[in-house]
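Data from query.tsv: TSV, C-alpha atoms
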```tsv
chain	number	residue	atom	x	y	z
A	376	MET	CA	-187.95	56.93	130.86
A	377	ALA	CA	-187.43	60.51	129.69
A	378	GLU	CA	-188.99	63.36	131.58
A	379	LYS	CA	-191.96	65.11	130.00
A	380	LYS	CA	-191.07	68.40	128.32
A	381	THR	CA	-194.59	69.85	128.59
A	382	LEU	CA	-197.34	69.79	131.16
A	383	GLY	CA	-199.80	68.29	128.67
A	384	ARG	CA	-203.49	69.04	128.93
A	385	GLN	CA	-204.35	71.04	132.00
A	386	LYS	CA	-207.74	71.92	133.42
A	387	ILE	CA	-208.52	75.55	132.65
A	388	SER	CA	-210.40	77.35	135.37
A	389	MET	CA	-213.40	79.33	134.22
A	390	VAL	CA	-212.33	82.84	135.18
A	391	LYS	CA	-212.43	85.99	133.09
A	392	ILE	CA	-209.32	86.35	130.96
A	393	GLU	CA	-208.04	89.86	131.72
A	394	ASN	CA	-205.74	90.23	128.70
A	395	GLU	CA	-208.00	91.47	125.90
A	396	ASP	CA	-206.07	89.83	123.03
A	397	ALA	CA	-205.91	86.51	124.88
A	398	ARG	CA	-209.65	86.75	125.58
A	399	TYR	CA	-210.45	87.25	121.86
A	400	THR	CA	-208.19	84.37	120.89
A	401	ALA	CA	-209.68	82.03	123.51
A	402	PHE	CA	-213.20	82.97	122.43
A	403	SER	CA	-212.44	82.17	118.77
A	404	LYS	CA	-210.89	78.81	119.62
A	405	ARG	CA	-213.66	77.82	122.00
A	406	ARG	CA	-216.34	78.95	119.53
A	407	SER	CA	-214.84	76.72	116.83
A	408	THR	CA	-214.70	73.78	119.25
A	409	LEU	CA	-218.29	74.36	120.31
A	410	TYR	CA	-219.45	74.42	116.67
A	411	LYS	CA	-217.56	71.18	115.97
A	412	LYS	CA	-219.17	69.48	118.96
A	413	ALA	CA	-222.63	70.69	117.89
A	414	SER	CA	-221.97	69.43	114.37
A	415	GLU	CA	-220.94	66.02	115.78
A	416	LEU	CA	-224.19	65.88	117.77
A	417	VAL	CA	-226.17	66.58	114.61
A	418	GLY	CA	-224.24	63.96	112.64
A	419	LYS	CA	-224.43	61.21	115.25
A	420	TYR	CA	-227.91	61.69	116.64
A	421	ASP	CA	-229.78	63.70	113.96
A	422	VAL	CA	-230.90	66.28	116.52
A	423	ASP	CA	-231.90	69.92	116.21
A	424	VAL	CA	-229.29	72.25	117.69
A	425	GLY	CA	-229.19	76.00	118.21
A	426	ILE	CA	-226.30	78.04	119.60
A	427	THR	CA	-226.10	81.82	119.91
A	428	LEU	CA	-222.93	83.49	121.16
A	429	PHE	CA	-221.80	87.07	121.58
A	430	SER	CA	-218.09	87.80	121.29
A	431	PRO	CA	-216.25	90.03	123.77
A	432	THR	CA	-216.84	92.84	121.24
A	433	ASP	CA	-220.60	92.07	121.23
A	434	LYS	CA	-220.54	90.57	117.74
A	435	PRO	CA	-223.21	87.84	117.46
A	436	TYR	CA	-222.39	84.31	116.26
A	437	SER	CA	-224.84	81.47	115.76
A	438	PHE	CA	-225.12	77.84	114.74
A	439	PHE	CA	-228.52	76.34	113.99
A	440	HIS	CA	-229.37	72.98	112.51
A	441	PRO	CA	-231.49	72.44	110.50
A	442	THR	CA	-232.77	76.06	110.55
A	443	LEU	CA	-233.26	78.86	113.05
A	444	ASP	CA	-237.04	78.67	112.64
A	445	ALA	CA	-237.12	74.92	113.17
A	446	VAL	CA	-235.05	75.09	116.35
A	447	VAL	CA	-237.00	78.01	117.84
A	448	ASP	CA	-240.39	76.45	116.95
A	449	ARG	CA	-239.29	73.16	118.46
A	450	PHE	CA	-238.06	74.92	121.62
A	451	PHE	CA	-241.30	76.78	122.25
A	452	SER	CA	-243.65	73.96	121.25
A	453	PRO	CA	-241.83	70.62	121.29
A	454	ASN	CA	-244.95	68.50	120.71
A	455	THR	CA	-246.26	70.23	117.57
A	456	GLN	CA	-245.35	69.29	114.03
A	457	PRO	CA	-243.72	71.88	111.74
A	458	SER	CA	-245.72	73.37	108.86
A	459	GLU	CA	-245.44	71.83	105.39
A	460	SER	CA	-243.09	74.55	104.12
A	461	ASN	CA	-240.89	74.23	107.23
A	462	ARG	CA	-240.82	70.45	106.86
A	463	ILE	CA	-239.60	70.77	103.27
A	464	ALA	CA	-236.93	73.31	104.26
A	465	ILE	CA	-235.84	71.14	107.20
A	466	GLU	CA	-235.58	68.05	105.01
A	467	ASN	CA	-233.58	69.97	102.39
A	468	PHE	CA	-231.12	71.15	105.05
A	469	ARG	CA	-230.81	67.65	106.48
A	470	ASN	CA	-230.21	66.16	103.01
A	471	LYS	CA	-227.56	68.78	102.25
A	472	GLY	CA	-225.89	67.99	105.58
A	473	ARG	CA	-225.93	64.26	104.79
A	474	GLU	CA	-224.45	64.89	101.33
A	475	LEU	CA	-221.64	67.00	102.76
A	476	LYS	CA	-220.97	64.39	105.45
A	477	ALA	CA	-220.84	61.62	102.83
A	478	GLU	CA	-218.45	63.69	100.73
A	479	LEU	CA	-216.22	64.26	103.75
A	480	ASP	CA	-216.31	60.54	104.60
A	481	GLU	CA	-215.33	59.69	101.03
A	482	LEU	CA	-212.37	62.02	101.21
A	483	ASP	CA	-211.37	60.49	104.55
A	484	ILE	CA	-211.45	57.02	103.01
A	485	ILE	CA	-209.26	58.12	100.13
A	486	GLU	CA	-206.89	59.95	102.47
A	487	ARG	CA	-206.59	56.85	104.65
A	488	GLY	CA	-205.86	54.77	101.55
A	489	LEU	CA	-203.18	57.19	100.44
A	490	SER	CA	-201.70	58.04	103.84
A	491	ASN	CA	-199.07	55.30	103.76
A	492	PRO	CA	-195.61	56.79	104.13
A	493	THR	CA	-193.53	56.78	100.97
A	494	SER	CA	-191.04	54.02	101.37
A	495	GLY	CA	-189.33	53.68	98.08
A	496	THR	CA	-190.63	52.84	94.67
A	497	GLU	CA	-193.99	53.73	93.21
A	498	GLU	CA	-194.71	50.04	92.77
A	499	THR	CA	-194.41	49.34	96.51
A	500	ASP	CA	-196.41	52.44	97.31
A	501	MET	CA	-199.23	51.35	94.99
A	502	LYS	CA	-199.11	47.87	96.48
A	503	LYS	CA	-199.53	49.35	99.98
A	504	ILE	CA	-202.42	51.53	98.80
A	505	TRP	CA	-204.21	48.52	97.32
A	506	GLU	CA	-203.51	46.48	100.47
A	507	SER	CA	-205.08	49.19	102.62
A	508	ILE	CA	-208.07	49.41	100.26
A	509	MET	CA	-208.47	45.62	100.48
A	510	GLU	CA	-208.91	46.02	104.26
A	511	PHE	CA	-211.99	48.26	103.81
A	512	ASN	CA	-215.24	46.95	105.22
A	513	GLU	CA	-218.33	46.64	103.04
A	514	GLU	CA	-219.61	50.13	103.87
A	515	GLU	CA	-216.26	51.73	103.03
A	516	VAL	CA	-216.10	49.82	99.75
A	517	ASN	CA	-219.59	51.04	98.86
A	518	GLU	CA	-218.63	54.62	99.73
A	519	LEU	CA	-215.49	54.40	97.61
A	520	GLU	CA	-217.47	52.91	94.73
A	521	LEU	CA	-220.07	55.69	94.95
A	522	TRP	CA	-217.31	58.28	94.93
A	523	LEU	CA	-215.58	56.71	91.95
A	524	ASN	CA	-218.88	56.56	90.07
A	525	SER	CA	-219.63	60.20	90.89
A	526	VAL	CA	-216.35	61.44	89.45
A	527	ASP	CA	-217.06	62.74	85.98
A	528	PHE	CA	-213.57	62.49	84.55
A	529	ASP	CA	-212.76	62.21	80.87
A	530	LEU	CA	-209.29	60.67	80.62
A	531	LYS	CA	-208.91	61.29	76.89
A	532	ASN	CA	-209.57	65.02	77.28
A	533	TYR	CA	-207.20	65.15	80.22
A	534	LEU	CA	-204.44	63.40	78.28
A	535	SER	CA	-204.92	65.67	75.26
A	536	GLN	CA	-204.69	68.71	77.55
A	537	VAL	CA	-201.50	67.36	79.08
A	538	GLU	CA	-200.06	66.72	75.60
A	539	ASN	CA	-201.04	70.22	74.45
A	540	ASN	CA	-199.46	71.77	77.52
A	541	ALA	CA	-196.33	69.67	77.09
A	542	SER	CA	-195.95	70.55	73.41
A	543	SER	CA	-196.53	74.26	74.09
A	544	SER	CA	-194.01	74.27	76.93
A	545	THR	CA	-191.29	72.73	74.72
A	546	GLN	CA	-191.49	75.56	72.22
A	547	ALA	CA	-188.71	78.14	72.37
A	548	PRO	CA	-189.65	81.45	74.00
A	549	PRO	CA	-189.97	84.49	71.73
A	550	GLU	CA	-186.66	86.26	71.18
A	551	ASN	CA	-187.91	89.62	72.41
A	552	ALA	CA	-189.09	88.24	75.78
A	553	ASP	CA	-187.30	89.79	78.75
```
Just dump the structure as structure tokens.
Amino acid sequence: MAEKKTLGRQKISMVKIENEDARYTAFSKRRSTLYKKASELVGKYDVDVGITLFSPTDKPYSFFHPTLDAVVDRFFSPNTQPSESNRIAIENFRNKGRELKAELDELDIIERGLSNPTSGTEETDMKKIWESIMEFNEEEVNELELWLNSVDFDLKNYLSQVENNASSSTQAPPENAD
């Protein structure tokens, strides 16, 4: 067995990074990771999350779901219900989050269906795509169907645009063009 070329993942001790540029870079990377983890918590468990960070240059960053007001109100009085206007705003934010998550899931399904390596002819590639689509479970099929129904795509207009572009590109360039 070949020797490893890298050390792999190592535990990073929590000490202050003395190099200023390295500290800024580490902060940015860790902030992104923290936001991703918070977003996963919201998606999986439908929880309210609030994060406030200050960069090494004292620039504030925050992540709140569904809203800052909702998270702060919930923190200070966890047993009270939000006001009617806050409830509407919270529900709107949650719906928007669900819509974006569904859109991302749809794109993941399509990417997974198209991620087969190209192995030759278009016919074999299409066959592999359809085979992978045939392996979708019921939920994935429903998501794909919803996505296909949501696409407002007029094939005739598209084809006429392609024909217009093709015919205009076959014309000879003007003689005085340099």
Point out the residue among A:Leu482, A:Val390, A:Lys404, A:Thr455 with the least atom-to-atom distance to Leu521 of chain A, counting only C-alpha atoms.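 Nearest candidate to Leu521 of chain A out of A:Leu482, A:Val390, A:Lys404, A:Thr455: A:Leu482.
The gap separating atom CA of Phe402 of chain A from atom CA of Pro431 of chain A is 7.8 Å, in Å to one decimal.
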For Phe438 of chain A: contacts at 12 Å, all atoms listed in the file, fewer than 4 positions along chain excluded, given as an MDAnalysis selection string: chainID A and resid 406:407 409:414 417 423:429 442:443 446
Output as JSON the centre and edge lengths (Å, one decimal) of the box along x, y and z of the file that holds every listed atom of segment 404-423 of chain A after adding 8 Å on each side.
```
{"center_x": -221.4, "center_y": 70.1, "center_z": 117.3, "size_x": 37.0, "size_y": 33.7, "size_z": 25.4}
```
So the first atom is atom CA of Asn394 of chain A and the second is atom CA of Asp433 of chain A; what is the distance between them in Å, to one decimal place? 16.7 Å
Which of these residues is nearest to Asn470 of chain A, using all atoms listed in the file: A:Asp483, A:Ile392, A:Pro441, A:Asn517? A:Pro441
For Trp522 of chain A, which residue among A:Met501, A:Ile508, A:Ala477, A:Leu489 is the nearest when counting all atoms listed in the file? A:Ala477
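Among A:Met509, A:Val516, A:Ile465, A:Ile504, the residue with the shortest atom-to-atom distance to Asp480 of chain A, counting all atoms listed in the file, is A:Val516.
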For Gly418 of chain A, list every protein, DNA or RNA residue within 10 Å, evaluated using all atoms listed in the file, and leave out those in the same chain fewer than 2 positions away; present the list as a list in words.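 Skipping anything fewer than 2 positions along the chain leaves Lys412, Ala413, Ser414, Glu415, Leu416, Tyr420, Asp421, Val422, Arg469, Gly472, Arg473 and Lys476 of chain A.
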Show me, as an mmCIF file with C-alpha atoms, in the coordinates of the input, the residues that have an atom within 12 Å of Arg487 of chain A when counting all atoms listed in the file, minus same-chain residues fewer than 5 positions from it.
```cif
data_model
loop_
_atom_site.group_PDB
_atom_site.id
_atom_site.type_symbol
_atom_site.label_atom_id
_atom_site.label_comp_id
_atom_site.auth_asym_id
_atom_site.auth_seq_id
_atom_site.Cartn_x
_atom_site.Cartn_y
_atom_site.Cartn_z
ATOM 1 C CA ASP A 480 -216.310 60.540 104.600
ATOM 2 C CA GLU A 481 -215.330 59.690 101.030
ATOM 3 C CA LEU A 482 -212.370 62.020 101.210
ATOM 4 C CA PRO A 492 -195.610 56.790 104.130
ATOM 5 C CA LYS A 503 -199.530 49.350 99.980
ATOM 6 C CA ILE A 504 -202.420 51.530 98.800
ATOM 7 C CA TRP A 505 -204.210 48.520 97.320
ATOM 8 C CA GLU A 506 -203.510 46.480 100.470
ATOM 9 C CA SER A 507 -205.080 49.190 102.620
ATOM 10 C CA ILE A 508 -208.070 49.410 100.260
ATOM 11 C CA GLU A 510 -208.910 46.020 104.260
ATOM 12 C CA PHE A 511 -211.990 48.260 103.810
ATOM 13 C CA GLU A 515 -216.260 51.730 103.030
ATOM 14 C CA LEU A 519 -215.490 54.400 97.610
#
```
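Checking A:Glu395, A:Lys419, A:Ala445, A:Lys386 one by one against Glu459 of chain A, counting all atoms listed in the file, you find the shortest gap at A:Ala445.
Atom CA of Ala397 of chain A is found 19.8 Å from atom CA of Leu382 of chain A.
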